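Chemist: For reference, the structure I am asking about is given below.
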Amino acid sequence: MTINEIRTLLHNFPCQVVDPHAQISELCFDSRQIKRPTEALFFAFKSDRNDGHRYIPDLLDKGVRHFVVTTLPDRWPELDDNQRQMLLASDIFMVDDTLAALQAIAAAHRQRFQCPTIGITGSNGKTIVKEWLSNMLAEDRRVTASPDSYNSQIGVPLSVWQLNSQTEVAVFEAGISKPDEMERLAAIIRPTIGILTNIGMAHARFFRDNRQKTIEKLMLFNTADTLVYHDDNEEVNIILMLPEYQHLHIASWGSPQAKYPVTEYRVEGKRTCITLAGNPYSIPFPDAASVENATHAIVTMLELGYQPDIINQRLQNLSRVTMRTEILEGARHTVLINDTYSLDINSLRAALDFLDTQNQMPKKAVILSDFEQVGELRNEEYQNINALLHAHNITSLFAVGHDFCEHRHCFDIPTTLCFPDTSSLLLQLKEMDLSYQSILVKGARVFHFEQIINQLQHKTHLTILNVSLPALVHNLEFHRALLKPDTKIVAMVKANSYGLGDVELINELVHRNIDYLAVAYTDEGSRLRKRNIQTPIIVLGAEAHSFDVMVEQNLEPEVFNFYYLSELEQVLKKRPKIQQFHIHIKVDTGMHRLGFDEPDLDKLIQIIKNNPQLKIASVFSHLAAAEDPKEDAYTLRQIQLFERMTNKICSAFDYPILRHILNSAGIVRFPQYQFDMVRLGISLYGFSGIPEVQPHLQNVTTLKTVITQVKQIAAGETIGYNRSYTLTRDSQVAIIPIGYADGYPRELANGRGTVLIQGQKAPVIGKVCMDMCMLDVTGLNVHEGDEVIVYGEGNSAADMADAAGLISYELLTRLSQRVPRVYIKE
């Protein structure tokens, strides 16, 4: 779309158009993810916590010259003279609502194309139906589909923008959480075929009842010709009888009255066989949810004119959609990004954007398969993929498939190797030196790239800790919403981020604009610096012997007594070129652990004033009992003393000094005392000492293992060391490979601890061993290889900490390094 066309769309708003013929190929709102600056149109979104206008100076320096804004330049951050000149040569559209402008442009783009367009909504299953349907259609049509779960008010227009002249069928999903949202998405997608997956309780908070939510979702199909849905919901059936839906051809399935009745349904092992409108279909899944999702795809294919035998063939190629990207520790100092559940151009872009957030390794590699899901690509499209890889600074490309082999000439990535099939690549992987690289593995399912992950992954035992990055971000944003817009946040990442791992997790925090990181000791901060974390880092347990390293690596020490302050001065004297070194002054307001006391302040101020190399970045203290209402009077006395002490320090210097005293509990219970910054610790990881806060936090950690053996043991027999547990009945006992060497507490022995198997709790019996535990699984019908949730949703680390007489901090930090951390990006 040209700038002139965009001016026509936004004609009611003032604009500055310099180059009306400039081509726009990229719509963006994240300044970190722009790949083609001269063709990018940047939308400056504004929220309570962020303002896109603040990034415009940097964007100008990057070469962006097209902007949609809501405020004039005099309200933006200061522009230097060069940036002001660049702004004069830029196209600027001034609008009331940048999101509405983005949606209007995407809606106009959609109007250019007449291909069949499938719109999917519902409470659950949208993304899976989209993925499966796209895979089935892609065997003979060029498909444009929503990448990942791009179904929001921003995600939908970005998805629709990907429509192009090669698209033969489009598949988009739409999700809503409030009334009046679907009408906007419907105007963008304008589906010709609609799929309603189901109506459940998800996102019900802002709707009066299920009827209102159903009517809102059905708005997506106001201009559609056909609606596919399962007619098991009587409320949906009644609403569809209203006059406004009479234009729809109803392609219902399920009941005898449906267009496609299901007359047979039987599960055979890991498959389900159904007879739909007289034709048999074999679905490669046994569970009801997968069968429902697959049947939506079958009916849609029938409506598009496909024959049952063709549909059956394509069903057999479906595999489970995990809907998550995993960050794994690879062998030979590598980081693996496992994103193998789908492959098209849009999802490749999203995966590369995520790879960009992983900065801990100096080089980046991509292992990629042929694009089975989008059909045969042309030379021009392979050249565009090459340009996309260059834009993300990819240094190595390993491509698998005959199409890539035929188009090898389109790629000039420094290391480019093409292989006809996955087995050929696997043979050579053993000989390749991939050390110190971040490696994205992304392929169509038929290439079975899980074999590549298995070969590259660092070999570990069966117990793993899954860390959900989206849950971490949710907890961060929950607390951000409680803060004033200008309040800064310190993320507490000491003790290996409370046992959850460091760089992979911290990269996500950095990507979310955390202001400071805090570690306990110098070696923790040094490790982060060596892995390319550049965010300011406070070392809370700074020790005098490590000041040299801290100065070299730009780590900022907590200073809490005169001895350490003197030692730091001696280190800085040997480095006269360092003009200012940031320090963080700890004052003791009642915790009585570390810190300067009030009588020390005059001497402290004088020492720092006499040494121009020292600059106070912040002054802080620690609340002793912020989570306990019975101690509120003491907490308030601490805060009053802190205010008095910091007023004295801050007034003695002619530069701004940050102040912070609130921890996780304090953020919630004492928001009026945010000062300039707060420290977010255990609540970031999903645990709160405040009962009313816990329901608002998401579970970040899932400790999982598997059953390695199942035994039948007679009543009266004893279990484990010292015969500490005696069976009172004939029992089935399962063994799992986790013990106190993995960090599982011995205090959870003999029935105090439980685990989850198939959603049911099973007690730990006998003593916890070094490397394993025993469970009573009588009546649960379990088998070797079944998954076991040790800590997780429904059996949280907080619950198990209570059972063990410990705290959740201890359970997390106890976890051994031999338990691999797998980072999940949904």
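Chain labels run A, B, ... following the order of the structure tokens; each chain numbers its residues from 1, and ligands are numbered from 1 in the order shown.
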As number ranges by chain, please: the residues near Leu302 in chain A (cut-off 12 Å, only C-alpha atoms, same-chain neighbours under 3 positions excluded).
Modeler: A: 133, 136-137, 193, 226, 228, 251-253, 259-260, 276-277, 279, 295-299, 305-312
Chemist: Need the shell around Glu168 in chain A: protein/DNA/RNA residues with any atom at most 12 Å away, counting only C-alpha atoms. Skip same-chain ones fewer than 3 positions apart. Format as a list in words?
Modeler: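 Skipping anything fewer than 3 positions along the chain leaves Phe113, Gln114, Cys115, Pro116, Thr117, Ile118, Ser134, Leu137, Ala138, Glu139, Asp140, Arg141, Arg142, Val143, Thr144, Ala145, Leu163, Asn164, Ser165, Val171, Val374 and Gly375 of chain A.
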Chemist: What is the distance between CA of Thr416 in chain A and CA of Ile345 in chain A, in Å to one decimal?
Modeler: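 Value for the CA of Thr416 in chain A-CA of Ile345 in chain A distance: 18.8 Å.
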Chemist: Can you tell me, as a VMD selection string, which residues in range 684-804 of chain A count as strand (DSSP E) by DSSP?
Modeler: chain A and resid 701 to 706 709 to 713 718 to 719 725 to 726 731 to 736 754 to 757 760 to 765 773 to 776 787 to 791
Chemist: What's the separation between CA of Thr702 in chain A and CA of Leu469 in chain A, in Å to one decimal place?
Modeler: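 Here the two named atoms are 11.8 Å from each other.
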Chemist: Residues near Lys825 in chain A, anyone? I mean within 7 Å using only C-alpha atoms, not counting same-chain ones fewer than 5 positions away, as a PyMOL selection string.
Modeler: chain A and resi 324-326+468-470
Chemist: If we count only C-alpha atoms, what is near Leu10 in chain A at a cut-off of 9 Å, once residues fewer than 6 positions away on the same chain are taken out, given as a ChimeraX atom specification?
Modeler: /A:93,95,101,104-105
Chemist: Rounded to one decimal in Å, what is the spacing between CA of Thr395 in chain A and CA of Lys35 in chain A?
Modeler: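 Spanning CA of Thr395 in chain A to CA of Lys35 in chain A is a straight-line distance of 16.3 Å.
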Chemist: Pick out the residues sitting within 9 Å of Asp30 in chain A, and hand them over as a PDB file with all heavy atoms, in the first residue's frame; count only C-alpha atoms, and ignore anything fewer than 5 positions along from it in its own chain.
Modeler:
```
ATOM      1  N   PHE A  42       5.015   2.885  11.341  1.00  0.00           N
ATOM      2  CA  PHE A  42       5.034   2.674  12.790  1.00  0.00           C
ATOM      3  C   PHE A  42       3.821   3.333  13.429  1.00  0.00           C
ATOM      4  O   PHE A  42       3.531   4.507  13.200  1.00  0.00           O
ATOM      5  CB  PHE A  42       6.307   3.261  13.395  1.00  0.00           C
ATOM      6  CG  PHE A  42       6.379   3.115  14.891  1.00  0.00           C
ATOM      7  CD1 PHE A  42       6.709   1.900  15.463  1.00  0.00           C
ATOM      8  CD2 PHE A  42       6.096   4.186  15.731  1.00  0.00           C
ATOM      9  CE1 PHE A  42       6.766   1.743  16.851  1.00  0.00           C
ATOM     10  CE2 PHE A  42       6.150   4.048  17.114  1.00  0.00           C
ATOM     11  CZ  PHE A  42       6.488   2.819  17.664  1.00  0.00           C
ATOM     12  N   PHE A  43       3.103   2.555  14.260  1.00  0.00           N
ATOM     13  CA  PHE A  43       1.941   3.044  14.996  1.00  0.00           C
ATOM     14  C   PHE A  43       2.349   3.271  16.450  1.00  0.00           C
ATOM     15  O   PHE A  43       2.744   2.335  17.144  1.00  0.00           O
ATOM     16  CB  PHE A  43       0.804   2.023  14.912  1.00  0.00           C
ATOM     17  CG  PHE A  43       0.250   1.852  13.526  1.00  0.00           C
ATOM     18  CD1 PHE A  43       0.911   1.039  12.605  1.00  0.00           C
ATOM     19  CD2 PHE A  43      -0.900   2.507  13.134  1.00  0.00           C
ATOM     20  CE1 PHE A  43       0.422   0.882  11.317  1.00  0.00           C
ATOM     21  CE2 PHE A  43      -1.400   2.353  11.840  1.00  0.00           C
ATOM     22  CZ  PHE A  43      -0.732   1.546  10.930  1.00  0.00           C
ATOM     23  N   ALA A  44       2.242   4.495  16.901  1.00  0.00           N
ATOM     24  CA  ALA A  44       2.666   4.851  18.255  1.00  0.00           C
ATOM     25  C   ALA A  44       1.506   4.622  19.222  1.00  0.00           C
ATOM     26  O   ALA A  44       0.711   5.525  19.497  1.00  0.00           O
ATOM     27  CB  ALA A  44       3.148   6.296  18.302  1.00  0.00           C
ATOM     28  N   GLY A  52       4.355   4.768  22.768  1.00  0.00           N
ATOM     29  CA  GLY A  52       5.138   4.507  21.563  1.00  0.00           C
ATOM     30  C   GLY A  52       5.850   5.733  21.024  1.00  0.00           C
ATOM     31  O   GLY A  52       6.856   5.613  20.316  1.00  0.00           O
TER      32      GLY A  52
END
```
Chemist: Can you work out which one of A:Leu476, A:Met94, A:Met361, A:Val587 has the shortest atom-to-atom distance to Arg7 in chain A, counting only C-alpha atoms?
Modeler: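 Using only C-alpha atoms, Arg7 in chain A sits closest to A:Met94.
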Chemist: Need to verify the contact set: range 647-656 of chain A, 12 Å, only C-alpha atoms, exclusion of same-chain residues closer than 3 positions in sequence. Can you return it as a short mmCIF file (atom, residue, chain, number, x, y, z; two decimals) with C-alpha atoms, in the first residue's frame?
Modeler:
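Dumped to around34.cif:
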```
data_model
loop_
_atom_site.label_atom_id
_atom_site.label_comp_id
_atom_site.auth_asym_id
_atom_site.auth_seq_id
_atom_site.Cartn_x
_atom_site.Cartn_y
_atom_site.Cartn_z
CA ILE A 585 23.22 2.88 49.43
CA LYS A 586 21.45 0.53 51.84
CA VAL A 587 20.02 2.11 55.00
CA PHE A 596 23.82 2.40 57.42
CA GLU A 598 20.73 7.25 60.82
CA PRO A 599 23.70 8.57 62.87
CA ASP A 600 26.02 7.44 60.03
CA LEU A 601 24.50 9.72 57.40
CA ASP A 602 26.58 12.87 57.89
CA LYS A 603 29.83 10.93 57.58
CA LEU A 604 28.47 8.93 54.62
CA ILE A 605 27.41 12.06 52.75
CA GLN A 606 30.77 13.72 53.31
CA ILE A 607 32.77 10.70 52.06
CA ILE A 608 30.73 10.47 48.86
CA LYS A 609 30.89 14.24 48.28
CA ASN A 610 34.67 14.10 48.64
CA PRO A 612 33.71 12.52 42.54
CA LEU A 614 31.18 7.81 43.33
CA LYS A 615 27.62 8.51 42.24
CA ILE A 616 24.59 7.34 44.20
CA ALA A 617 22.13 5.65 41.82
CA SER A 618 19.66 4.76 44.55
CA VAL A 619 19.05 4.65 48.28
CA PHE A 620 16.95 1.79 49.60
CA ILE A 639 8.77 3.81 55.89
CA GLN A 640 8.74 7.05 57.93
CA LEU A 641 12.35 6.52 59.00
CA PHE A 642 13.30 5.70 55.40
CA GLU A 643 11.70 8.90 54.18
CA ARG A 644 13.55 10.96 56.78
CA ARG A 659 14.52 5.71 46.32
CA PHE A 675 8.81 6.49 45.82
CA ASP A 676 10.82 6.17 42.56
#
```
